[in-house]
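Trainee: Handing you this structure, nothing more for now.
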Amino acid sequence: MVQRGMYVYAIDNGPMEPQLMKTGQIDHLKEDGFTWEPPQRLDWLVCDIVDKPVRVLAMVERWLIRKWCKEAIFNLKLPMKKRWEEVMRCLTALEESLEKAGVHATISCRHLFHDREEVTVHVRLRD
Ligand SMILES: C[S@@+](CC[C@H](N)C(=O)[O-])C[C@H]1O[C@@H](n2cnc3c(N)ncnc32)[C@H](O)[C@@H]1O
């Protein structure tokens, strides 16, 4: 994101790469990504937290329904068993909760790395 000229609130309990911090484009906050609220509306939410898909989804839904971002991209780390069922359950739940809140969005999902137990979901809010 920095390479693409963006300014980033990096919410991570862990350390940041010093070279990245030198760009001046990052505000690193050691806070909980599940509860942090942005100070103003942002363009993107990007999340790669390793946790239960249901927790990640609840956080992303909150951001989208409150229009804290226009687009979101996040990984869902999958359990060892019944991965397909879990992905379908998550995508259906996301679609339903956005619809219920009257939020129109385009959702897509890809398995980007054949050797990783995760899928990547992209959501773009429509007018
Ligand atoms: C899979 S790594 C993401 C790495 C990142 N995508 C990168 O390329 O450097 C997960 C990161 O989430 C952070 N993390 C885990 N739980 C978190 C939480 N509740 N709030 C904020 N950060 C969290 C960890 O410290 C770790 O840096």
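Each chain of the structure tokens is named A, B, ... in the order shown, its residues numbered from 1; ligands are numbered from 1 in display order.
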Given a cut-off of 10 Å, what residues near ligand 1 show up using only C-alpha atoms and all ligand atoms, put as a list of chain:residue names?

Mentor: A:Ala10, A:Ile11, A:Asp12, A:Asn13, A:Gly14, A:Pro15, A:Met16, A:Glu17, A:Leu29, A:Lys30, A:Glu31, A:Asp32, A:Gly33, A:Phe34, A:Thr35, A:Trp36, A:Val46, A:Cys47, A:Asp48, A:Ile49, A:Val50, A:Asp51, A:Arg55, A:Val56, A:Phe74, A:Asn75, A:Lys77

Trainee: I'd like the contact shell of Ser108 in chain A - 8 Å cut-off, only C-alpha atoms, skipping same-chain residues fewer than 5 positions apart - returned as a list in words.

Mentor: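 Within the cut-off, the hits are Val121, His122 and Val123 of chain A.
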
Trainee: For Arg124 in chain A, please output as number ranges by chain all residues within 9 Å (counting only C-alpha atoms; exclusion window: fewer than 5 positions along the same chain).

Mentor: A: 70-73, 104-108

Trainee: Please dump the current selection as a short mmCIF file (atom, residue, chain, number, x, y, z; two decimals), in the first residue's frame; keep N, CA, C and O atoms.

Mentor:
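Contents of the output file selection.cif:
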```
data_model
loop_
_atom_site.label_atom_id
_atom_site.label_comp_id
_atom_site.auth_asym_id
_atom_site.auth_seq_id
_atom_site.Cartn_x
_atom_site.Cartn_y
_atom_site.Cartn_z
N LYS A 70 -14.48 2.10 1.82
CA LYS A 70 -15.23 1.86 0.57
C LYS A 70 -14.98 0.45 0.05
O LYS A 70 -15.79 -0.12 -0.67
N GLU A 71 -13.80 -0.06 0.38
CA GLU A 71 -13.45 -1.42 -0.07
C GLU A 71 -12.74 -2.14 1.05
O GLU A 71 -12.06 -1.51 1.87
N ALA A 72 -12.89 -3.45 1.06
CA ALA A 72 -12.19 -4.25 2.07
C ALA A 72 -11.57 -5.47 1.40
O ALA A 72 -12.16 -6.05 0.47
N ILE A 73 -10.39 -5.81 1.85
CA ILE A 73 -9.76 -7.05 1.38
C ILE A 73 -9.22 -7.75 2.62
O ILE A 73 -8.56 -7.14 3.46
N HIS A 104 -25.21 -2.06 -0.37
CA HIS A 104 -25.02 -2.77 -1.64
C HIS A 104 -23.53 -2.95 -1.89
O HIS A 104 -22.76 -1.99 -1.83
N ALA A 105 -23.14 -4.18 -2.17
CA ALA A 105 -21.71 -4.46 -2.32
C ALA A 105 -21.48 -5.59 -3.34
O ALA A 105 -22.35 -6.43 -3.56
N THR A 106 -20.31 -5.53 -3.95
CA THR A 106 -19.88 -6.63 -4.82
C THR A 106 -18.83 -7.42 -4.05
O THR A 106 -17.84 -6.84 -3.58
N ILE A 107 -19.07 -8.72 -3.93
CA ILE A 107 -18.16 -9.56 -3.13
C ILE A 107 -17.49 -10.58 -4.06
O ILE A 107 -18.17 -11.23 -4.85
N SER A 108 -16.17 -10.69 -3.95
CA SER A 108 -15.50 -11.78 -4.67
C SER A 108 -14.52 -12.47 -3.74
O SER A 108 -14.08 -11.91 -2.74
#
```

Trainee: I'd like to know which residues of chain A are alpha helix (DSSP H) (by DSSP, run on the backbone); could you write them as a PyMOL selection string?

Mentor: chain A and resi 18-21+53-65+83-100

Trainee: Go through range 33-123 of chain A and collect every residue that DSSP, computed from the backbone, puts in strand (DSSP E); the answer should be as a PDB file with C-alpha atoms, in the first residue's frame.

Mentor:
```pdb
ATOM      1  CA  TRP A  44      -9.570   0.599   2.282  1.00  0.00           C
ATOM      2  CA  LEU A  45      -9.656  -1.936   5.073  1.00  0.00           C
ATOM      3  CA  VAL A  46      -6.970  -4.608   4.648  1.00  0.00           C
ATOM      4  CA  CYS A  47      -6.842  -7.438   7.178  1.00  0.00           C
ATOM      5  CA  GLU A  71     -13.450  -1.415  -0.073  1.00  0.00           C
ATOM      6  CA  ALA A  72     -12.194  -4.248   2.067  1.00  0.00           C
ATOM      7  CA  ILE A  73      -9.763  -7.051   1.384  1.00  0.00           C
ATOM      8  CA  PHE A  74      -9.200  -9.729   4.009  1.00  0.00           C
ATOM      9  CA  ASN A  75      -8.079 -13.290   4.439  1.00  0.00           C
ATOM     10  CA  LEU A  76     -10.197 -15.983   6.015  1.00  0.00           C
ATOM     11  CA  LYS A  77      -7.981 -18.616   7.615  1.00  0.00           C
ATOM     12  CA  ALA A 105     -21.708  -4.464  -2.322  1.00  0.00           C
ATOM     13  CA  THR A 106     -19.882  -6.630  -4.821  1.00  0.00           C
ATOM     14  CA  ILE A 107     -18.162  -9.561  -3.134  1.00  0.00           C
ATOM     15  CA  SER A 108     -15.505 -11.779  -4.673  1.00  0.00           C
ATOM     16  CA  CYS A 109     -13.380 -14.530  -3.206  1.00  0.00           C
ATOM     17  CA  ARG A 110     -10.237 -16.297  -4.444  1.00  0.00           C
ATOM     18  CA  GLU A 118      -6.893 -19.396   3.475  1.00  0.00           C
ATOM     19  CA  VAL A 119      -9.055 -17.557   0.980  1.00  0.00           C
ATOM     20  CA  THR A 120      -8.930 -13.862   0.161  1.00  0.00           C
ATOM     21  CA  VAL A 121     -12.175 -11.898   0.023  1.00  0.00           C
ATOM     22  CA  HIS A 122     -12.665  -8.529  -1.690  1.00  0.00           C
ATOM     23  CA  VAL A 123     -15.721  -6.363  -1.031  1.00  0.00           C
TER      24      VAL A 123
END
```
